[in-house]
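Novice: So here's my_file-v9.txt, just compact mmCIF, C-alpha atoms:
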# COMPACT_ATOMS: atom_id res chain seq x y z
CA MET A 168 36.06 15.99 -10.55
CA LYS A 169 32.94 14.75 -12.29
CA THR A 170 32.52 15.83 -15.89
CA LYS A 171 29.19 16.93 -17.38
CA PHE A 172 29.12 13.61 -19.26
CA MET A 173 29.67 11.62 -16.05
CA LYS A 174 26.95 13.56 -14.26
CA SER A 175 24.58 12.98 -17.17
CA SER A 176 25.37 9.25 -17.16
CA LEU A 177 24.75 9.03 -13.41
CA VAL A 178 21.41 10.80 -13.80
CA MET A 179 20.42 8.48 -16.65
CA GLY A 180 21.55 5.46 -14.67
CA GLY A 181 19.52 6.62 -11.68
CA LEU A 182 16.45 7.14 -13.83
CA MET A 183 16.82 3.67 -15.35
CA LEU A 184 17.14 2.12 -11.88
CA MET A 185 14.04 3.95 -10.70
CA GLN A 186 12.21 2.81 -13.83
CA LEU A 187 13.20 -0.82 -13.24
CA MET A 188 12.08 -0.58 -9.61
CA ALA A 189 8.75 0.79 -10.82
CA TYR A 190 8.42 -2.08 -13.31
CA ALA A 191 9.02 -4.59 -10.53
CA GLN A 192 5.86 -3.29 -8.87
CA GLN A 193 3.73 -3.57 -12.01
CA ILE A 194 2.93 -7.21 -11.31
CA SER A 195 1.33 -6.49 -7.97
CA VAL A 196 0.37 -9.18 -5.51
CA VAL A 197 -3.36 -9.78 -5.92
CA ASN A 198 -5.34 -9.05 -2.78
CA CYS A 199 -7.81 -11.92 -2.70
CA ASN A 200 -10.01 -9.97 -0.26
CA ASP A 201 -10.74 -7.43 -3.00
CA PRO A 202 -13.98 -7.83 -4.97
CA LEU A 203 -13.77 -9.94 -8.12
CA PRO A 204 -13.46 -7.59 -11.15
CA ALA A 205 -16.49 -7.69 -13.42
CA LYS A 206 -14.66 -8.45 -16.66
CA GLY A 207 -11.40 -8.42 -18.61
CA TYR A 208 -7.97 -9.81 -17.83
CA ASN A 209 -8.10 -8.41 -14.28
CA ARG A 210 -10.97 -10.79 -13.61
CA VAL A 211 -8.98 -13.73 -15.02
CA ARG A 212 -5.92 -12.66 -13.06
CA HIS A 213 -7.84 -12.37 -9.79
CA ILE A 214 -9.32 -15.86 -10.16
CA TYR A 215 -5.95 -17.33 -11.16
CA TYR A 216 -4.05 -15.93 -8.18
CA CYS A 217 -6.79 -16.76 -5.65
CA PRO A 218 -7.45 -20.52 -5.96
CA GLN A 219 -8.46 -20.87 -2.30
CA LYS A 220 -11.15 -18.26 -2.82
CA PHE A 221 -12.50 -20.15 -5.86
CA PRO A 222 -11.77 -23.83 -5.13
CA ASN A 223 -14.20 -25.09 -7.78
CA PHE A 224 -12.78 -23.10 -10.68
CA SER A 225 -10.14 -24.74 -12.88
CA MET A 226 -8.27 -22.38 -15.21
CA ILE A 227 -7.69 -23.15 -18.89
CA SER A 228 -4.78 -22.10 -21.09
CA MET A 229 -5.23 -22.56 -24.85
CA HIS A 230 -2.10 -24.43 -25.96
CA ARG A 231 -0.37 -22.83 -29.00
CA GLY A 232 -3.49 -20.69 -29.36
CA TYR A 233 -6.87 -22.10 -30.39
CA TRP A 234 -5.88 -23.83 -33.62
CA LYS A 235 -8.93 -25.94 -34.47
CA ASP A 236 -9.30 -24.18 -37.83
CA GLY A 237 -5.72 -23.16 -38.60
CA PRO A 238 -2.02 -23.63 -37.84
CA GLU A 239 -0.73 -23.74 -34.28
CA ASN A 240 1.10 -20.66 -32.94
CA SER A 241 -0.25 -18.56 -35.82
CA LEU A 242 -2.05 -15.24 -35.74
CA ASN A 243 -5.06 -17.28 -36.85
CA SER A 244 -4.72 -19.38 -33.67
CA VAL A 245 -4.47 -16.16 -31.64
CA ASP A 246 -7.64 -14.89 -33.32
CA GLY A 247 -9.32 -18.20 -32.49
CA ALA A 248 -8.32 -17.87 -28.85
CA ILE A 249 -9.65 -14.32 -28.73
CA ALA A 250 -12.95 -15.39 -30.31
CA LEU A 251 -13.41 -18.32 -27.91
CA ASN A 252 -12.56 -16.12 -24.97
CA ARG A 253 -15.18 -13.57 -26.04
CA SER A 254 -17.90 -16.22 -26.14
CA ALA A 255 -18.62 -15.93 -22.40
CA LYS A 256 -17.58 -13.89 -19.38
CA ASP A 257 -15.65 -16.77 -17.86
CA ALA A 258 -14.28 -18.48 -20.97
CA PRO A 259 -10.74 -19.99 -20.97
CA GLY A 260 -8.91 -16.77 -20.12
CA PHE A 261 -5.32 -17.72 -21.05
CA VAL A 262 -3.56 -18.26 -24.37
CA GLU A 263 -0.30 -20.22 -24.34
CA LEU A 264 2.39 -19.36 -26.91
CA ASP A 265 5.61 -21.18 -27.79
CA ILE A 266 8.34 -18.67 -28.52
CA MET A 267 11.91 -18.50 -29.79
CA LYS A 268 14.42 -15.68 -30.05
CA GLY A 269 16.02 -15.47 -33.48
CA LYS A 270 19.67 -14.73 -34.18
CA ASN A 271 18.79 -11.07 -34.76
CA GLY A 272 17.02 -10.85 -31.40
CA THR A 273 13.43 -10.84 -32.67
CA MET A 274 11.14 -13.14 -30.70
CA PHE A 275 8.63 -15.16 -32.70
CA LEU A 276 6.02 -17.90 -32.27
CA PHE A 277 7.21 -21.38 -33.24
CA HIS A 278 7.39 -24.80 -31.62
CA ASP A 279 9.54 -27.22 -33.63
CA PHE A 280 13.29 -27.59 -34.03
CA LYS A 281 12.79 -27.80 -37.80
CA LEU A 282 10.66 -25.92 -40.33
CA ASP A 283 9.39 -28.97 -42.22
CA ARG A 284 6.26 -30.00 -40.26
CA LEU A 285 4.80 -26.54 -39.74
CA THR A 286 5.89 -24.50 -42.78
CA THR A 287 6.64 -24.71 -46.49
CA GLY A 288 10.32 -24.24 -45.60
CA LYS A 289 12.95 -26.87 -44.87
CA GLY A 290 15.81 -27.13 -42.40
CA THR A 291 16.75 -26.43 -38.80
CA VAL A 292 15.50 -23.48 -36.77
CA LYS A 293 16.75 -24.66 -33.40
CA SER A 294 19.73 -27.01 -33.02
CA ASN A 295 19.01 -27.79 -29.36
CA TYR A 296 16.89 -26.43 -26.52
CA PHE A 297 19.19 -23.41 -26.18
CA THR A 298 20.35 -22.52 -29.69
CA VAL A 299 18.24 -20.90 -32.42
CA VAL A 300 20.25 -20.89 -35.66
CA LYS A 301 17.97 -18.74 -37.83
CA SER A 302 17.03 -15.08 -37.73
CA TYR A 303 13.38 -14.15 -37.89
CA ASN A 304 13.92 -12.53 -41.28
CA GLU A 305 15.16 -15.84 -42.68
CA ILE A 306 11.95 -17.71 -41.89
CA LYS A 307 9.14 -15.16 -41.62
CA ASN A 308 7.88 -15.48 -45.21
CA TYR A 309 7.25 -19.22 -45.31
CA ASP A 310 3.59 -20.22 -45.36
CA LEU A 311 2.38 -22.15 -42.32
CA LYS A 312 1.02 -25.70 -42.47
CA LYS A 313 -1.25 -27.89 -40.39
CA GLU A 314 -1.13 -31.66 -40.89
CA GLY A 315 0.24 -31.14 -44.41
CA ALA A 316 -2.34 -28.54 -45.47
CA VAL A 317 -0.77 -25.21 -46.53
CA PHE A 318 -2.34 -21.97 -45.30
CA ARG A 319 -1.31 -19.44 -47.94
CA GLY A 320 -0.51 -16.00 -46.57
CA GLN A 321 -0.25 -17.17 -42.96
CA HIS A 322 3.33 -16.81 -41.75
CA ILE A 323 5.36 -17.28 -38.57
CA PRO A 324 4.34 -14.28 -36.44
CA SER A 325 6.53 -12.19 -34.20
CA LEU A 326 5.67 -12.18 -30.51
CA SER A 327 5.15 -8.43 -30.82
CA ALA A 328 2.48 -8.88 -33.50
CA ALA A 329 0.70 -11.52 -31.40
CA LEU A 330 0.67 -9.24 -28.34
CA ASP A 331 -0.76 -6.39 -30.42
CA LYS A 332 -3.73 -8.64 -31.21
CA ILE A 333 -4.13 -9.78 -27.62
CA LYS A 334 -3.79 -6.40 -25.90
CA PRO A 335 -7.35 -5.08 -26.56
CA THR A 336 -8.86 -8.35 -25.26
CA GLY A 337 -9.39 -9.94 -21.87
CA LEU A 338 -6.77 -12.66 -22.39
CA MET A 339 -3.81 -13.40 -20.16
CA VAL A 340 -0.68 -14.82 -21.84
CA ASN A 341 1.13 -18.01 -20.87
CA ILE A 342 4.67 -17.98 -22.33
CA ASP A 343 6.40 -21.30 -23.02
CA LYS A 344 10.02 -21.90 -24.07
CA GLY A 345 11.15 -18.39 -23.19
CA ASP A 346 13.02 -19.52 -20.11
CA TYR A 347 16.44 -18.80 -21.67
CA PHE A 348 15.69 -15.13 -22.40
CA LEU A 349 12.98 -14.04 -19.97
CA ASP A 350 14.51 -10.60 -19.45
CA ASP A 351 13.86 -9.94 -23.15
CA VAL A 352 10.33 -11.35 -22.90
CA TYR A 353 9.48 -9.09 -19.99
CA ASP A 354 11.10 -6.11 -21.74
CA LEU A 355 8.57 -6.57 -24.54
CA PHE A 356 5.60 -7.01 -22.20
CA ILE A 357 6.66 -3.84 -20.38
CA LYS A 358 6.96 -1.96 -23.67
CA LYS A 359 3.45 -3.12 -24.64
CA GLY A 360 2.00 -2.14 -21.26
CA MET A 361 1.05 -5.78 -20.65
CA VAL A 362 3.45 -6.94 -17.95
CA ASP A 363 0.62 -7.73 -15.51
CA ARG A 364 -0.85 -10.13 -18.09
CA VAL A 365 2.00 -12.62 -18.46
CA ILE A 366 2.87 -15.87 -16.74
CA SER A 367 6.03 -17.69 -17.79
CA LYS A 368 7.46 -21.09 -17.05
CA GLY A 369 10.60 -23.21 -17.03
CA TYR A 370 11.89 -26.43 -15.57
CA LEU A 371 12.63 -26.79 -11.86
CA ASN A 372 14.20 -30.26 -12.28
CA PRO A 373 14.75 -30.45 -16.02
CA PRO A 374 15.05 -33.36 -18.43
CA LYS A 375 18.54 -33.65 -19.85
CA GLY A 376 19.55 -30.67 -21.96
CA LYS A 377 17.03 -28.19 -20.59
CA ALA A 378 17.68 -25.18 -18.39
CA SER A 379 16.72 -24.94 -14.73
CA ALA A 380 15.97 -22.38 -12.04
CA ARG A 381 15.54 -24.47 -8.91
CA THR A 382 14.95 -21.57 -6.54
CA PRO A 383 13.60 -18.00 -6.76
CA ALA A 384 17.07 -16.70 -5.87
CA LEU A 385 18.62 -18.55 -8.82
CA LEU A 386 15.94 -17.23 -11.16
CA LYS A 387 16.63 -13.67 -10.03
CA ARG A 388 20.36 -14.11 -10.62
CA LYS A 389 19.70 -15.63 -14.02
CA PHE A 390 17.59 -12.65 -15.11
CA PRO A 391 19.07 -9.61 -13.35
CA ARG A 392 16.94 -6.97 -15.09
CA HIS A 393 13.55 -8.34 -14.15
CA GLY A 394 14.11 -11.18 -11.68
CA ASP A 395 12.02 -9.60 -8.90
CA LEU A 396 9.18 -9.14 -11.34
CA ILE A 397 9.46 -12.56 -13.01
CA VAL A 398 9.15 -14.61 -9.79
CA LYS A 399 5.68 -13.10 -9.28
CA SER A 400 4.45 -14.72 -12.49
CA TYR A 401 6.63 -17.81 -12.94
CA THR A 402 5.40 -21.42 -12.85
CA PRO A 403 8.24 -23.94 -12.39
CA ILE A 404 7.68 -27.23 -14.23
CA ILE A 405 8.18 -30.37 -12.12
CA VAL A 406 8.71 -33.64 -14.00
CA PRO A 407 7.72 -37.06 -12.58
CA GLU A 408 11.23 -38.23 -11.68
CA ASP A 409 11.48 -35.48 -9.07
CA ILE A 410 10.08 -37.80 -6.43
CA ILE A 411 12.52 -40.60 -7.25
CA GLY A 412 15.56 -38.56 -8.24
CA THR A 413 17.72 -39.51 -11.22
CA THR A 414 20.88 -38.23 -12.82
CA ASP A 415 18.90 -36.15 -15.30
CA ASN A 416 16.04 -35.20 -12.98
CA PRO A 417 17.32 -34.28 -9.52
CA LYS A 418 14.98 -34.91 -6.64
CA VAL A 419 12.95 -31.87 -5.64
CA THR A 420 12.97 -31.13 -1.94
CA LYS A 421 10.22 -29.75 0.23
CA ALA A 422 12.51 -26.81 1.05
CA GLU A 423 12.73 -25.92 -2.65
CA ILE A 424 8.96 -26.13 -3.04
CA ASP A 425 8.45 -23.98 0.06
CA ALA A 426 10.94 -21.38 -1.21
CA TRP A 427 8.68 -20.78 -4.20
CA ILE A 428 5.44 -20.96 -2.23
CA ASN A 429 6.74 -18.39 0.26
CA THR A 430 7.61 -15.89 -2.50
CA PRO A 431 5.02 -13.05 -2.46
CA GLY A 432 2.87 -13.17 -5.56
CA PHE A 433 4.09 -16.57 -6.74
CA PRO A 434 1.18 -18.33 -8.54
CA GLY A 435 1.93 -22.07 -8.61
CA PHE A 436 3.59 -24.99 -10.39
CA GLU A 437 3.08 -26.99 -13.54
CA ILE A 438 3.37 -30.62 -12.43
CA ILE A 439 3.70 -33.36 -15.03
CA TYR A 440 1.93 -36.38 -13.60
CA LYS A 441 0.71 -39.15 -15.82
CA LYS A 442 -1.00 -41.95 -13.92
CA PRO A 443 -2.63 -42.64 -10.55
CA ASP A 444 0.14 -44.98 -9.36
CA GLY A 445 2.98 -42.66 -10.42
CA PRO A 446 5.36 -41.12 -7.86
CA ILE A 447 3.89 -37.62 -8.10
CA LEU A 448 0.59 -38.88 -6.67
CA THR A 449 1.75 -41.74 -4.44
CA ASP A 450 4.76 -40.25 -2.62
CA LYS A 451 3.31 -38.42 0.38
CA ARG A 452 6.40 -36.86 1.87
CA PHE A 453 5.03 -33.30 1.80
CA ASN A 454 3.47 -33.06 5.27
CA GLY A 455 1.79 -36.40 4.62
CA MET A 456 0.46 -35.25 1.23
CA ASN A 457 1.53 -35.77 -2.35
CA ILE A 458 3.02 -32.74 -4.05
CA VAL A 459 -0.20 -31.80 -5.91
CA ASP A 460 -2.30 -31.77 -2.76
CA TYR A 461 0.43 -29.99 -0.81
CA VAL A 462 0.76 -27.19 -3.35
CA LYS A 463 -3.00 -26.66 -3.33
CA SER A 464 -3.13 -26.77 0.47
CA ARG A 465 -0.69 -23.87 0.49
CA GLY A 466 -2.97 -21.75 -1.69
CA LYS A 467 -1.13 -22.18 -5.01
CA ARG A 468 -2.24 -23.59 -8.33
CA ALA A 469 -1.26 -27.08 -9.47
CA GLY A 470 -1.09 -26.91 -13.24
CA ILE A 471 -0.73 -29.66 -15.82
CA PHE A 472 -0.22 -29.92 -19.57
CA ASN A 473 -3.13 -32.01 -20.82
CA GLU A 474 -1.03 -33.71 -23.49
CA TRP A 475 -3.28 -34.88 -26.27
CA PRO A 476 -2.01 -36.46 -29.52
CA ASP A 477 -1.53 -33.81 -32.21
CA ASN A 478 -3.25 -36.19 -34.64
CA CYS A 479 -3.88 -39.90 -35.20
CA GLN A 480 -0.14 -40.49 -35.67
CA GLY A 481 0.59 -39.56 -32.07
CA THR A 482 2.34 -36.65 -30.37
CA TRP A 483 5.12 -34.72 -32.09
CA ASN A 484 8.61 -35.05 -30.63
CA SER A 485 10.42 -31.90 -31.67
CA PRO A 486 14.08 -32.87 -30.98
CA GLN A 487 13.64 -36.16 -32.88
CA SER A 488 11.38 -34.62 -35.55
CA LYS A 489 8.91 -37.49 -35.49
CA TYR A 490 5.61 -38.53 -33.94
CA LYS A 491 5.68 -40.76 -30.88
CA THR A 492 2.74 -42.97 -30.02
CA THR A 493 3.51 -43.73 -26.37
CA LEU A 494 1.68 -40.64 -25.12
CA ALA A 495 -1.42 -41.68 -27.05
CA THR A 496 -1.84 -44.86 -24.99
CA ASP A 497 -3.58 -45.51 -21.69
CA ALA A 498 -0.17 -45.42 -19.97
CA ASP A 499 -0.26 -41.62 -20.07
CA ARG A 500 -3.49 -40.28 -18.59
CA ARG A 501 -2.87 -36.57 -19.13
CA GLY A 502 -5.27 -36.63 -22.09
CA ASP A 503 -8.05 -37.91 -19.82
CA PHE A 504 -10.19 -35.05 -18.45
CA ASN A 505 -11.63 -37.30 -15.73
CA PHE A 506 -8.13 -38.18 -14.50
CA ILE A 507 -7.05 -34.54 -14.41
CA ASP A 508 -10.21 -33.49 -12.57
CA LYS A 509 -10.06 -36.34 -10.06
CA TYR A 510 -6.41 -35.84 -9.17
CA GLY A 511 -6.51 -32.15 -8.62
CA ALA A 512 -5.02 -30.09 -11.46
CA ASP A 513 -6.67 -26.66 -11.40
CA PHE A 514 -4.70 -24.93 -14.18
CA ILE A 515 -4.79 -26.93 -17.40
CA VAL A 516 -2.89 -26.25 -20.61
CA THR A 517 -4.73 -28.00 -23.44
CA ASP A 518 -5.08 -28.34 -27.21
CA ARG A 519 -8.79 -29.08 -26.75
CA SER A 520 -9.81 -25.82 -25.12
CA SER A 521 -13.49 -25.78 -26.03
CA LEU A 522 -14.00 -29.45 -25.14
CA LEU A 523 -12.24 -29.02 -21.80
CA TRP A 524 -14.22 -25.87 -21.05
CA GLN A 525 -17.49 -27.72 -21.64
CA TYR A 526 -16.31 -30.69 -19.57
CA LEU A 527 -15.28 -28.54 -16.61
CA LYS A 528 -18.60 -26.70 -16.63
CA THR A 529 -20.43 -30.04 -16.56
CA ALA A 530 -18.14 -31.32 -13.79
CA GLY A 531 -18.78 -28.23 -11.65
CA GLN A 532 -15.21 -27.01 -11.99
CA ARG A 533 -16.04 -23.60 -13.43
CA SER A 534 -17.97 -22.38 -10.42
CA LEU A 535 -17.11 -19.03 -8.84
CA GLN A 536 -19.00 -19.85 -5.65
CA ARG A 537 -16.72 -18.64 -2.87
CA ARG A 538 -15.66 -20.47 0.24
Render the structure in this file as structure tokens.

Specialist:
Amino acid sequence: MKTKFMKSSLVMGGLMLMQLMAYAQQISVVNCNDPLPAKGYNRVRHIYYCPQKFPNFSMISMHRGYWKDGPENSLNSVDGAIALNRSAKDAPGFVELDIMKGKNGTMFLFHDFKLDRLTTGKGTVKSNYFTVVKSYNEIKNYDLKKEGAVFRGQHIPSLSAALDKIKPTGLMVNIDKGDYFLDDVYDLFIKKGMVDRVISKGYLNPPKGKASARTPALLKRKFPRHGDLIVKSYTPIIVPEDIIGTTDNPKVTKAEIDAWINTPGFPGFEIIYKKPDGPILTDKRFNGMNIVDYVKSRGKRAGIFNEWPDNCQGTWNSPQSKYKTTLATDADRRGDFNFIDKYGADFIVTDRSSLLWQYLKTAGQRSLQRR
């Protein structure tokens, strides 16, 4: 015989299940036949999910915020992104944030494995790609830095505080490095009433030591609370070795690509290609096309991280805690706007948001003229 407590638990469990099912519908599949919204994040979202409708419109995501005048991943950088996005109806539209989940469960904005480069603190925050060794309370009061300059009173922000700033604006949010705890990320976006404004990402064929979700089914199993919702806003990252196939970077198959493309609501991929003669662009085993052209032919976005040196010393390597100069050379063309434009990326994550925006307008890649 069921007790009153058991009945109450069943009712609560049923209500929670219904609530989760309702959440799974909150990221609805955009109907590209609908009129383009006049303003706000719904306008950005419509353009983003309908690349075939707007083939001459490349999307921009402001990497670590817009941190021209302040520290990266700070509330100042969020304010900068908001200000730039308000400067025109069709300004960048996305802000990208690096996040971690502290030992106490609080999610916060931070990029590096160590405190030293970006704060007045010292020591390890993250021991590897998976393991954060500090709680948010342990690090939240350090002042932030940019290239050695200290910004007094600017501290490592919580993800919650950043979303509170973003919510009244027209920005969408591009979450990076949350691919180990996406259920928690989406819990927070749901709580804030912003779940239709997030895209997240993680590796499809990861470099050594990073997590992977090679298929939508695996992603759903990995995040049981919100898997159905997450796949509607997830952009798998494909690294160059996918075409060749190595021990660390397993070869991506057409079947795996198609499994994502055939998922209702799925937006596209982030594809790391570096040079015209690299395997991403030269291997044409996807119905006679390279993977970038194939993804776009199927009505999905082909994103890229426009890696640009952090400063004149090169690009920061977080696991090694040092700058590397190789990505600042001509061997890596991701910092070249002409290369990106010519070879088809139409969702670009960049540290040079304003410059890229101006370039794309000049190149005719911010046109909303329909097919």

Novice: Can you measure CA of Phe221 in chain A to CA of Val197 in chain A for me? One decimal in Å is fine.

Specialist: 13.8 Å

Novice: Contacts between range 502-511 of chain A and range 409-448 of chain A, please, where a residue of range 409-448 of chain A counts if it comes within 10 Å (with all atoms listed in the file); show its shortest atom pair and distance in Å to one decimal, rows by chain and ascending number, as CSV.

Specialist:
residue,atom,partner,partner_atom,distance
A:Tyr440,CA,A:Ile507,CA,9.2
A:Lys441,CA,A:Phe506,CA,9.0
A:Lys442,CA,A:Phe506,CA,8.1
A:Pro443,CA,A:Tyr510,CA,7.9
A:Leu448,CA,A:Tyr510,CA,8.0

Novice: Write out as a VMD selection string the residues lying within 9 Å of range 336-353 of chain A, counting only C-alpha atoms and excluding same-chain residues fewer than 3 positions away.

Specialist: chain A and resid 206 to 212 228 to 230 248 to 249 252 to 253 259 to 268 272 274 278 296 to 297 326 330 332 to 333 356 to 358 362 to 370 378 to 379 389 to 394 396 to 397

Novice: Determine the nearest neighbour of Lys359 in chain A from the options A:Asn372, A:Ser327, A:Thr529, A:Asn416, counting all atoms listed in the file.

Specialist: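 Of the candidates, the smallest distance to Lys359 in chain A is held by A:Ser327.
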
Novice: List the neighbours of range 304-321 of chain A out to 7 Å using all atoms listed in the file; skip same-chain residues closer than 2 positions along the sequence, and give me the result as a ChimeraX atom specification.

Specialist: /A:237-238,285-288,301-302,323

Novice: Which is closest to Pro222 in chain A among A:Ile458, A:Leu535, A:Val196, A:Ile428, if we use all atoms listed in the file?

Specialist: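 Smallest distance to Pro222 in chain A is found for A:Leu535.
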